[in-house]
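What follows is model_21.txt (compact mmCIF, C-alpha atoms).
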# COMPACT_ATOMS: atom_id res chain seq x y z
CA MET A 145 0.00 0.00 0.00
CA LYS A 146 1.15 3.51 -0.74
CA LEU A 147 0.10 6.91 0.49
CA TYR A 148 1.23 10.29 -0.76
CA CYS A 149 1.89 13.18 1.57
CA ALA A 150 1.85 16.89 0.88
CA THR A 151 5.13 17.78 2.56
CA THR A 152 8.81 17.86 1.75
CA ASN A 153 9.68 18.93 5.30
CA PRO A 154 12.35 16.34 6.20
CA GLY A 155 11.38 16.19 9.87
CA LYS A 156 7.71 15.56 9.19
CA LEU A 157 8.50 13.15 6.37
CA ARG A 158 10.70 11.10 8.69
CA GLU A 159 7.93 10.89 11.31
CA PHE A 160 5.39 9.93 8.67
CA ARG A 161 7.62 7.21 7.25
CA MET A 162 8.46 5.74 10.66
CA ALA A 163 4.78 5.36 11.45
CA GLY A 164 3.94 4.05 7.99
CA GLU A 165 6.66 1.40 7.98
CA GLN A 166 5.29 -0.17 11.16
CA ARG A 167 2.12 -0.88 9.17
CA GLY A 168 3.69 -1.76 5.85
CA ILE A 169 2.48 1.46 4.24
CA GLY A 170 4.96 3.28 2.06
CA ILE A 171 4.70 7.05 2.40
CA GLU A 172 6.20 9.39 -0.14
CA PRO A 173 5.79 13.00 -1.22
CA VAL A 174 3.36 13.79 -4.05
CA PRO A 175 5.33 13.20 -7.28
CA GLY A 176 7.03 16.40 -8.41
CA LEU A 177 5.88 18.24 -5.27
CA GLU A 178 8.79 20.69 -5.44
CA ARG A 179 7.60 21.91 -8.85
CA ILE A 180 3.98 22.51 -7.77
CA THR A 181 3.01 26.04 -6.72
CA PRO A 182 2.79 25.70 -2.93
CA PHE A 183 -0.63 25.75 -1.34
CA GLU A 184 -1.20 28.80 0.85
CA GLU A 185 -2.93 28.21 4.16
CA ALA A 186 -5.33 31.07 4.57
CA ALA A 187 -8.17 29.60 6.65
CA HIS A 188 -8.94 30.11 10.32
CA SER A 189 -9.29 26.46 11.26
CA PHE A 190 -6.89 23.53 11.09
CA GLU A 191 -9.65 21.44 9.52
CA GLN A 192 -10.22 23.84 6.66
CA ASN A 193 -6.50 24.29 5.99
CA ALA A 194 -5.73 20.57 6.06
CA ALA A 195 -8.73 19.73 3.90
CA GLU A 196 -7.96 22.40 1.31
CA LYS A 197 -4.30 21.41 1.22
CA ALA A 198 -5.06 17.72 0.76
CA VAL A 199 -7.61 18.46 -1.96
CA TYR A 200 -5.17 20.77 -3.74
CA TYR A 201 -2.32 18.26 -3.85
CA SER A 202 -4.56 15.26 -4.55
CA ARG A 203 -5.00 16.65 -8.06
CA PHE A 204 -1.32 15.98 -8.71
CA ALA A 205 -1.14 12.39 -7.43
CA PRO A 206 -2.43 9.07 -8.77
CA GLY A 207 -3.73 7.96 -5.34
CA PRO A 208 -4.80 9.22 -1.91
CA VAL A 209 -2.89 12.19 -0.51
CA PHE A 210 -2.75 13.36 3.08
CA ALA A 211 -1.89 16.81 4.39
CA ASP A 212 -1.54 18.07 7.92
CA ASP A 213 -2.07 21.40 9.57
CA SER A 214 -1.01 21.87 13.14
CA GLY A 215 -0.34 24.48 15.76
CA LEU A 216 -0.36 25.58 19.37
CA GLU A 217 -3.48 26.84 21.15
CA VAL A 218 -2.85 28.80 24.35
CA GLU A 219 -5.86 29.16 26.60
CA ALA A 220 -4.93 32.56 28.07
CA LEU A 221 -4.60 33.89 24.52
CA GLY A 222 -8.02 32.66 23.46
CA GLY A 223 -6.51 29.90 21.35
CA ASP A 224 -3.72 31.93 19.72
CA PRO A 225 -1.41 31.48 17.93
CA GLY A 226 -3.51 28.58 16.51
CA VAL A 227 -3.41 28.33 12.73
CA LEU A 228 -0.91 31.20 12.71
CA SER A 229 1.61 29.31 14.87
CA ALA A 230 4.32 29.15 12.21
CA ARG A 231 3.99 32.85 11.37
CA PHE A 232 3.03 34.26 14.78
CA ALA A 233 5.84 36.86 14.71
CA GLY A 234 5.47 37.54 10.98
CA GLU A 235 5.39 35.88 7.58
CA ASN A 236 8.93 34.49 7.62
CA ALA A 237 9.41 34.37 11.37
CA THR A 238 11.93 31.92 12.84
CA ASP A 239 11.04 29.50 15.62
CA GLU A 240 13.06 31.69 17.97
CA GLU A 241 11.12 34.83 17.08
CA ASN A 242 7.81 33.03 17.50
CA ASN A 243 8.87 31.63 20.87
CA ARG A 244 10.02 35.05 22.04
CA LEU A 245 6.73 36.66 21.08
CA LEU A 246 4.77 33.94 22.85
CA LEU A 247 6.73 34.52 26.08
CA GLU A 248 6.14 38.27 25.81
CA ARG A 249 2.41 37.77 25.43
CA LEU A 250 2.36 35.49 28.45
CA GLN A 251 4.41 37.74 30.73
CA GLY A 252 2.76 37.86 34.15
CA VAL A 253 0.10 35.36 33.09
CA THR A 254 -0.25 32.50 35.58
CA GLY A 255 -2.70 30.27 33.66
CA ARG A 256 -0.36 28.57 31.18
CA HIS A 257 -2.57 25.78 29.84
CA ALA A 258 -2.01 25.03 26.16
CA ARG A 259 -2.42 22.28 23.62
CA PHE A 260 -0.80 21.18 20.42
CA VAL A 261 -3.29 20.27 17.70
CA CYS A 262 -2.68 18.37 14.49
CA VAL A 263 -5.33 17.78 11.84
CA ILE A 264 -4.66 15.38 8.99
CA ALA A 265 -6.96 15.33 5.96
CA VAL A 266 -6.90 12.62 3.31
CA ALA A 267 -8.14 13.41 -0.18
CA ARG A 268 -8.33 11.65 -3.52
CA ALA A 269 -8.92 13.25 -6.91
CA GLY A 270 -10.06 16.55 -5.43
CA GLU A 271 -12.28 15.16 -2.65
CA VAL A 272 -11.85 14.89 1.10
CA LEU A 273 -12.11 11.27 2.22
CA ARG A 274 -11.50 11.64 5.95
CA ILE A 275 -10.25 14.05 8.59
CA PHE A 276 -8.38 13.13 11.78
CA ARG A 277 -7.42 15.23 14.80
CA GLY A 278 -4.77 14.65 17.43
CA VAL A 279 -4.38 16.77 20.56
CA VAL A 280 -1.87 16.83 23.39
CA GLU A 281 -2.36 18.99 26.48
CA GLY A 282 0.42 20.78 28.34
CA ARG A 283 1.77 24.04 29.74
CA ILE A 284 3.90 26.88 28.44
CA LEU A 285 7.03 27.41 30.53
CA GLY A 286 8.63 30.79 31.31
CA ALA A 287 11.76 29.92 29.32
CA PRO A 288 12.74 27.30 26.71
CA ARG A 289 14.17 23.92 27.72
CA GLY A 290 15.87 21.45 25.35
CA SER A 291 16.92 21.68 21.73
CA ASN A 292 15.13 18.75 20.11
CA GLY A 293 11.99 19.03 17.99
CA PHE A 294 11.05 22.32 16.40
CA GLY A 295 8.59 25.20 16.66
CA TYR A 296 7.29 25.71 20.19
CA ASP A 297 8.58 22.34 21.43
CA PRO A 298 11.12 23.80 23.92
CA LEU A 299 8.40 25.86 25.62
CA PHE A 300 5.79 23.09 25.73
CA LEU A 301 5.89 21.10 28.96
CA TYR A 302 4.27 17.68 28.75
CA PRO A 303 3.37 17.12 32.43
CA PRO A 304 3.17 13.28 32.43
CA PHE A 305 6.86 13.10 31.45
CA GLY A 306 7.91 16.28 33.30
CA ARG A 307 9.72 17.35 30.13
CA THR A 308 9.24 19.71 27.25
CA PHE A 309 8.91 18.33 23.73
CA GLY A 310 12.34 19.94 23.19
CA GLU A 311 13.81 17.64 25.84
CA MET A 312 12.51 14.39 24.31
CA THR A 313 13.90 12.12 21.66
CA ASP A 314 11.84 11.86 18.47
CA GLU A 315 10.78 8.36 19.51
CA LYS A 316 9.54 9.51 22.91
CA LYS A 317 7.75 12.51 21.48
CA MET A 318 6.10 10.33 18.85
CA ARG A 319 4.51 8.18 21.55
CA VAL A 320 2.38 11.08 22.73
CA SER A 321 2.45 13.90 20.20
CA HIS A 322 -0.56 15.46 18.53
CA ARG A 323 0.88 14.65 15.10
CA SER A 324 1.50 10.98 15.82
CA GLN A 325 -2.00 10.59 17.30
CA ALA A 326 -3.62 11.96 14.16
CA LEU A 327 -1.22 9.96 12.03
CA ARG A 328 -1.95 6.69 13.80
CA ALA A 329 -5.69 7.24 13.52
CA MET A 330 -5.28 7.92 9.82
CA LEU A 331 -3.10 4.86 9.23
CA ASP A 332 -5.45 2.63 11.24
CA TRP A 333 -8.28 3.77 9.03
CA TYR A 334 -6.29 3.33 5.85
CA THR A 335 -5.18 -0.17 6.84
CA ASN A 336 -8.72 -1.37 7.51
CA ALA A 337 -9.91 -0.30 4.13
CA PRO A 338 -12.89 -2.47 3.03
CA LEU A 339 -15.59 -0.16 4.36
CA ALA A 340 -13.23 2.77 4.66
CA GLY A 341 -14.02 4.80 1.53
CA MET B 256 -25.73 29.43 23.20
CA LYS B 257 -27.24 28.86 19.81
CA LEU B 258 -26.35 26.68 16.86
CA TYR B 259 -27.89 26.67 13.42
CA CYS B 260 -28.52 23.48 11.50
CA ALA B 261 -28.86 22.94 7.79
CA THR B 262 -31.99 20.82 7.86
CA THR B 263 -35.74 21.27 7.94
CA ASN B 264 -36.30 17.50 8.14
CA PRO B 265 -38.62 17.31 11.17
CA GLY B 266 -37.23 13.94 12.33
CA LYS B 267 -33.63 15.08 12.31
CA LEU B 268 -34.53 18.44 13.78
CA ARG B 269 -36.26 16.74 16.69
CA GLU B 270 -33.23 14.55 17.41
CA PHE B 271 -30.93 17.57 17.20
CA ARG B 272 -33.06 19.61 19.56
CA MET B 273 -33.41 16.82 22.11
CA ALA B 274 -29.64 16.47 22.31
CA GLY B 275 -29.09 20.23 22.35
CA GLU B 276 -31.57 20.89 25.15
CA GLN B 277 -29.75 18.51 27.49
CA ARG B 278 -26.78 20.85 27.19
CA GLY B 279 -28.62 24.16 27.14
CA ILE B 280 -27.86 24.71 23.47
CA GLY B 281 -30.71 25.98 21.33
CA ILE B 282 -30.74 24.47 17.87
CA GLU B 283 -32.67 26.00 15.03
CA PRO B 284 -32.68 25.88 11.24
CA VAL B 285 -30.66 28.47 9.34
CA PRO B 286 -32.90 31.57 9.09
CA GLY B 287 -34.98 31.47 5.90
CA LEU B 288 -33.64 28.02 5.03
CA GLU B 289 -36.74 27.16 3.01
CA ARG B 290 -36.02 30.07 0.66
CA ILE B 291 -32.35 29.15 0.02
CA THR B 292 -31.57 27.09 -3.10
CA PRO B 293 -30.91 23.64 -1.62
CA PHE B 294 -27.35 22.38 -1.54
CA GLU B 295 -26.80 19.36 -3.80
CA GLU B 296 -24.69 16.56 -2.40
CA ALA B 297 -22.46 15.43 -5.24
CA ALA B 298 -19.30 14.17 -3.52
CA HIS B 299 -18.17 10.61 -2.93
CA SER B 300 -17.43 10.93 0.78
CA PHE B 301 -19.60 11.84 3.75
CA GLU B 302 -16.87 14.22 4.93
CA GLN B 303 -16.81 16.18 1.69
CA ASN B 304 -20.61 16.36 1.48
CA ALA B 305 -21.07 17.44 5.09
CA ALA B 306 -18.26 20.00 4.87
CA GLU B 307 -19.54 21.52 1.63
CA LYS B 308 -23.09 21.62 2.93
CA ALA B 309 -22.08 23.32 6.20
CA VAL B 310 -19.92 25.84 4.36
CA TYR B 311 -22.71 26.59 1.90
CA TYR B 312 -25.35 27.28 4.54
CA SER B 313 -22.97 29.09 6.89
CA ARG B 314 -23.01 31.99 4.46
CA PHE B 315 -26.67 32.53 5.29
CA ALA B 316 -26.43 32.47 9.09
CA PRO B 317 -25.04 34.91 11.65
CA GLY B 318 -23.31 32.13 13.63
CA PRO B 319 -21.97 28.57 13.39
CA VAL B 320 -23.95 26.13 11.24
CA PHE B 321 -23.78 22.37 11.29
CA ALA B 322 -24.77 19.94 8.54
CA ASP B 323 -24.84 16.17 8.50
CA ASP B 324 -24.38 13.58 5.81
CA SER B 325 -25.07 9.97 6.59
CA GLY B 326 -25.65 6.59 5.04
CA LEU B 327 -25.30 2.85 5.14
CA GLU B 328 -22.11 1.00 4.15
CA VAL B 329 -22.52 -2.68 3.38
CA GLU B 330 -19.31 -4.67 3.41
CA ALA B 331 -20.34 -7.23 0.77
CA LEU B 332 -21.19 -4.35 -1.57
CA GLY B 333 -17.82 -2.68 -1.14
CA GLY B 334 -19.31 0.09 0.99
CA ASP B 335 -22.43 0.73 -1.13
CA PRO B 336 -24.89 2.38 -1.01
CA GLY B 337 -22.73 4.82 1.05
CA VAL B 338 -23.25 8.46 0.12
CA LEU B 339 -25.96 7.35 -2.31
CA SER B 340 -28.04 5.71 0.44
CA ALA B 341 -31.02 8.05 0.06
CA ARG B 342 -31.11 7.67 -3.73
CA PHE B 343 -29.88 4.09 -4.12
CA ALA B 344 -32.87 3.09 -6.27
CA GLY B 345 -33.00 6.43 -8.11
CA GLU B 346 -33.15 10.18 -7.59
CA ASN B 347 -36.54 10.32 -5.87
CA ALA B 348 -36.60 6.77 -4.54
CA THR B 349 -38.72 5.97 -1.50
CA ASP B 350 -37.34 4.18 1.55
CA GLU B 351 -39.25 1.10 0.45
CA GLU B 352 -37.68 1.09 -3.01
CA ASN B 353 -34.22 1.53 -1.56
CA ASN B 354 -34.78 -1.29 0.94
CA ARG B 355 -36.06 -3.59 -1.78
CA LEU B 356 -33.03 -2.93 -3.99
CA LEU B 357 -30.68 -3.56 -1.09
CA LEU B 358 -32.29 -6.94 -0.39
CA GLU B 359 -32.04 -7.86 -4.08
CA ARG B 360 -28.35 -7.03 -4.15
CA LEU B 361 -27.78 -9.14 -1.06
CA GLN B 362 -29.74 -12.17 -2.22
CA GLY B 363 -27.73 -15.29 -1.44
CA VAL B 364 -25.00 -13.27 0.29
CA THR B 365 -24.15 -14.66 3.73
CA GLY B 366 -21.75 -11.94 4.94
CA ARG B 367 -24.20 -9.25 6.03
CA HIS B 368 -21.95 -6.90 7.99
CA ALA B 369 -22.84 -3.24 7.61
CA ARG B 370 -22.53 0.06 9.34
CA PHE B 371 -24.39 3.31 9.57
CA VAL B 372 -22.16 6.37 9.30
CA CYS B 373 -22.98 9.97 10.15
CA VAL B 374 -20.61 12.86 9.58
CA ILE B 375 -21.38 16.28 11.01
CA ALA B 376 -19.46 19.33 9.87
CA VAL B 377 -19.58 22.71 11.59
CA ALA B 378 -18.79 25.84 9.61
CA ARG B 379 -18.84 29.57 10.21
CA ALA B 380 -18.73 32.31 7.57
CA GLY B 381 -17.72 29.94 4.81
CA GLU B 382 -15.10 27.94 6.74
CA VAL B 383 -15.11 24.46 8.22
CA LEU B 384 -14.42 24.60 11.94
CA ARG B 385 -14.66 20.91 12.84
CA ILE B 386 -15.79 17.54 11.54
CA PHE B 387 -17.22 14.67 13.62
CA ARG B 388 -18.01 11.07 12.67
CA GLY B 389 -20.29 8.56 14.35
CA VAL B 390 -20.48 4.89 13.38
CA VAL B 391 -22.66 2.00 14.47
CA GLU B 392 -21.98 -1.58 13.36
CA GLY B 393 -24.68 -4.11 12.56
CA ARG B 394 -26.12 -6.61 10.10
CA ILE B 395 -28.60 -6.48 7.23
CA LEU B 396 -31.52 -8.86 7.75
CA GLY B 397 -33.28 -10.82 4.98
CA ALA B 398 -36.55 -8.94 5.54
CA PRO B 399 -37.60 -5.71 7.29
CA ARG B 400 -38.62 -5.68 10.96
CA GLY B 401 -40.37 -2.81 12.73
CA SER B 402 -41.83 0.46 11.52
CA ASN B 403 -40.01 3.08 13.56
CA GLY B 404 -37.18 5.24 12.28
CA PHE B 405 -36.68 5.76 8.56
CA GLY B 406 -34.44 4.79 5.65
CA TYR B 407 -32.81 1.40 6.12
CA ASP B 408 -33.67 1.23 9.84
CA PRO B 409 -36.03 -1.81 9.53
CA LEU B 410 -33.28 -3.85 7.82
CA PHE B 411 -30.47 -2.85 10.16
CA LEU B 412 -30.05 -5.25 13.08
CA TYR B 413 -28.20 -3.82 16.04
CA PRO B 414 -26.84 -7.04 17.63
CA PRO B 415 -26.32 -5.79 21.23
CA PHE B 416 -30.08 -5.12 21.52
CA GLY B 417 -31.16 -7.95 19.19
CA ARG B 418 -33.41 -5.46 17.40
CA THR B 419 -33.44 -3.47 14.23
CA PHE B 420 -33.41 0.32 14.38
CA GLY B 421 -36.97 0.02 13.08
CA GLU B 422 -37.95 -1.86 16.25
CA MET B 423 -36.59 0.73 18.69
CA THR B 424 -38.10 3.86 20.17
CA ASP B 425 -36.39 7.10 19.16
CA GLU B 426 -34.96 7.36 22.67
CA LYS B 427 -33.42 3.89 22.52
CA LYS B 428 -32.04 4.41 19.03
CA MET B 429 -30.55 7.73 20.09
CA ARG B 430 -28.50 6.00 22.77
CA VAL B 431 -26.48 4.13 20.17
CA SER B 432 -27.04 5.60 16.73
CA HIS B 433 -24.37 6.93 14.39
CA ARG B 434 -26.13 10.31 14.26
CA SER B 435 -26.36 10.74 18.00
CA GLN B 436 -22.70 9.77 18.44
CA ALA B 437 -21.56 12.43 15.98
CA LEU B 438 -24.03 14.89 17.46
CA ARG B 439 -22.85 14.33 21.03
CA ALA B 440 -19.20 14.71 20.01
CA MET B 441 -20.08 17.95 18.25
CA LEU B 442 -22.06 19.33 21.19
CA ASP B 443 -19.33 18.35 23.66
CA TRP B 444 -16.86 20.27 21.58
CA TYR B 445 -19.16 23.26 21.23
CA THR B 446 -19.88 23.36 24.96
CA ASN B 447 -16.20 23.41 25.93
CA ALA B 448 -15.49 26.35 23.72
CA PRO B 449 -12.49 28.33 25.08
CA LEU B 450 -9.85 26.56 22.99
CA ALA B 451 -12.37 25.16 20.58
CA GLY B 452 -12.20 27.53 17.60
Here is the file; what I need is its structure written in the form of structure tokens.
Amino acid sequence: MKLYCATTNPGKLREFRMAGEQRGIGIEPVPGLERITPFEEAAHSFEQNAAEKAVYYSRFAPGPVFADDSGLEVEALGGDPGVLSARFAGENATDEENNRLLLERLQGVTGRHARFVCVIAVARAGEVLRIFRGVVEGRILGAPRGSNGFGYDPLFLYPPFGRTFGEMTDEKKMRVSHRSQALRAMLDWYTNAPLAG
Amino acid sequence: MKLYCATTNPGKLREFRMAGEQRGIGIEPVPGLERITPFEEAAHSFEQNAAEKAVYYSRFAPGPVFADDSGLEVEALGGDPGVLSARFAGENATDEENNRLLLERLQGVTGRHARFVCVIAVARAGEVLRIFRGVVEGRILGAPRGSNGFGYDPLFLYPPFGRTFGEMTDEKKMRVSHRSQALRAMLDWYTNAPLAG
């Protein structure tokens, strides 16, 4: 079995492939992805972004394509940065700039509850087949810890492990992360295909 | 709190309102729904149909709108009638005609596993916010039993109760049905709104 994904991000691709291999599903980028005009995420919900992205790229692949949209929702900020997580501090903001802005916004705030959300949509020939959501709850620290992962990982404390996502190995993070939850749900569905359509 | 739905079907509306009232959420049809050109379901997945329908009607309402798409997937028929459940025997087919055709197709077939699926999409101002799916597994009998419910209910045996959906009261069916599962998940989400957007 083979599934196409709508990313060339090496970190994501590695996570996707690790999870796929355990189920005998080969995962590869949409053929010629680097030559396709990139899809621009402009919606206000993860669901809409993931669905539109999957639909867009499914037109360039001979089989089902999945796309993910993910981000951090901070309760004290009413769910921000949310779908804008990657460009919180501006269009081409670095992880460091985004993290710094988040800490500024949370200065003096004691309620630090937050969650990572990942939504994966699967589409074929321009149509959404299914949508999956993974969520992991945690807290935003006052300063970064650890240098693994990416994005807001060093600020995101996962209380059951007493560590930030930046302090975990990829394997450990993948046991609990929002992305791997959504990914596993998607692969479970795809594996049990007879009534799946 | 108030939620708009994209149906004037009295049966569905009653189920929706019953579930909403238990949570203090008022549910009413999109204002002027009967004057809006009806949305035509043309996609091959429940997700795509529900999402498109919710998006379409959300443009006519001042708040969030939900829409459902549902149907019966029969394993021996490769998932048919699926999204075509309501028009299996033709565009304006009656429940009786659809049921008859289903029994014809299953004549001599011993594997009778099937499931009802309901997908509910919530949209606001033209954008999908969330998508929920409810599923209930059962078997297709050789002849109808009971006169409650609608659609394929009299053919759908729910093994844990030893009854078809056509032999159950609305209240009993609502404890286990695909629609009420999706509906409850949606209302739970809507009720716990702070990070919900």
Pick out the chain B residues within 10 Å of chain A. Count all atoms listed in the file. Give them as JSON, numbers by chain. {"B": [298, 299, 300, 301, 302, 303, 304, 306, 328, 329, 330, 331, 332, 333, 334, 335, 337, 368, 369, 370, 374, 378, 379, 381, 382, 383, 384, 385, 386, 387, 388, 448, 449, 450, 451, 452]}
Could you please take those selected residues and save C-alpha atoms as a PDB file, keeping the file's coordinate frame?
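As written to disk, out-v8.pdb reads:
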ATOM      1  CA  ALA B 298     -19.300  14.170  -3.520  1.00  0.00           C
ATOM      2  CA  HIS B 299     -18.170  10.610  -2.930  1.00  0.00           C
ATOM      3  CA  SER B 300     -17.430  10.930   0.780  1.00  0.00           C
ATOM      4  CA  PHE B 301     -19.600  11.840   3.750  1.00  0.00           C
ATOM      5  CA  GLU B 302     -16.870  14.220   4.930  1.00  0.00           C
ATOM      6  CA  GLN B 303     -16.810  16.180   1.690  1.00  0.00           C
ATOM      7  CA  ASN B 304     -20.610  16.360   1.480  1.00  0.00           C
ATOM      8  CA  ALA B 306     -18.260  20.000   4.870  1.00  0.00           C
ATOM      9  CA  GLU B 328     -22.110   1.000   4.150  1.00  0.00           C
ATOM     10  CA  VAL B 329     -22.520  -2.680   3.380  1.00  0.00           C
ATOM     11  CA  GLU B 330     -19.310  -4.670   3.410  1.00  0.00           C
ATOM     12  CA  ALA B 331     -20.340  -7.230   0.770  1.00  0.00           C
ATOM     13  CA  LEU B 332     -21.190  -4.350  -1.570  1.00  0.00           C
ATOM     14  CA  GLY B 333     -17.820  -2.680  -1.140  1.00  0.00           C
ATOM     15  CA  GLY B 334     -19.310   0.090   0.990  1.00  0.00           C
ATOM     16  CA  ASP B 335     -22.430   0.730  -1.130  1.00  0.00           C
ATOM     17  CA  GLY B 337     -22.730   4.820   1.050  1.00  0.00           C
ATOM     18  CA  HIS B 368     -21.950  -6.900   7.990  1.00  0.00           C
ATOM     19  CA  ALA B 369     -22.840  -3.240   7.610  1.00  0.00           C
ATOM     20  CA  ARG B 370     -22.530   0.060   9.340  1.00  0.00           C
ATOM     21  CA  VAL B 374     -20.610  12.860   9.580  1.00  0.00           C
ATOM     22  CA  ALA B 378     -18.790  25.840   9.610  1.00  0.00           C
ATOM     23  CA  ARG B 379     -18.840  29.570  10.210  1.00  0.00           C
ATOM     24  CA  GLY B 381     -17.720  29.940   4.810  1.00  0.00           C
ATOM     25  CA  GLU B 382     -15.100  27.940   6.740  1.00  0.00           C
ATOM     26  CA  VAL B 383     -15.110  24.460   8.220  1.00  0.00           C
ATOM     27  CA  LEU B 384     -14.420  24.600  11.940  1.00  0.00           C
ATOM     28  CA  ARG B 385     -14.660  20.910  12.840  1.00  0.00           C
ATOM     29  CA  ILE B 386     -15.790  17.540  11.540  1.00  0.00           C
ATOM     30  CA  PHE B 387     -17.220  14.670  13.620  1.00  0.00           C
ATOM     31  CA  ARG B 388     -18.010  11.070  12.670  1.00  0.00           C
ATOM     32  CA  ALA B 448     -15.490  26.350  23.720  1.00  0.00           C
ATOM     33  CA  PRO B 449     -12.490  28.330  25.080  1.00  0.00           C
ATOM     34  CA  LEU B 450      -9.850  26.560  22.990  1.00  0.00           C
ATOM     35  CA  ALA B 451     -12.370  25.160  20.580  1.00  0.00           C
ATOM     36  CA  GLY B 452     -12.200  27.530  17.600  1.00  0.00           C
TER      37      GLY B 452
END
What is the distance between CA of Pro206 in chain A and CA of Val174 in chain A, in Å to one decimal? 8.8 Å
Which polymer residues have any atom within 6 Å of an atom of range 207-211 of chain A, counting all atoms listed in the file, with same-chain residues fewer than 2 positions away left out, as a PyMOL selection string? chain A and resi 147-150+194+198+202+205+264-268
May I have the residues within 7 Å of range 404-419 of chain B as a PyMOL selection string, using only C-alpha atoms and disregarding those fewer than 3 positions away in the same chain? chain B and resi 350+354+393-396+398-401+422-423
Contacts of Gly164 in chain A at 9 Å or less, counting all atoms listed in the file, minus same-chain residues fewer than 3 places along, as a compact mmCIF listing (two decimals) with C-alpha atoms, in the frame of the given file?
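So part-v9.txt came out as:
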# COMPACT_ATOMS: atom_id res chain seq x y z
CA LEU A 147 0.10 6.91 0.49
CA GLU A 159 7.93 10.89 11.31
CA PHE A 160 5.39 9.93 8.67
CA ARG A 161 7.62 7.21 7.25
CA ARG A 167 2.12 -0.88 9.17
CA GLY A 168 3.69 -1.76 5.85
CA ILE A 169 2.48 1.46 4.24
CA GLY A 170 4.96 3.28 2.06
CA ILE A 171 4.70 7.05 2.40
CA LEU A 327 -1.22 9.96 12.03
CA ARG A 328 -1.95 6.69 13.80
CA LEU A 331 -3.10 4.86 9.23
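Of note, CA of Asn447 in chain B and CA of Leu247 in chain A are spaced 25.5 Å apart.
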All file atoms of range 357-365 of chain B boxed axis-aligned, 4 Å per side, centre plus edges, as JSON:
{"center_x": -28.2, "center_y": -9.4, "center_z": -0.2, "size_x": 16.1, "size_y": 19.7, "size_z": 15.9}
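With distances restricted to all atoms listed in the file, A:His322 is the closest residue to Gly278 in chain A from A:His322, A:Gly310, A:Asp332, A:Thr181.
Our summary of the geometry notes that CA of Asn153 in chain A is positioned 21.0 Å from CA of Ala329 in chain A.
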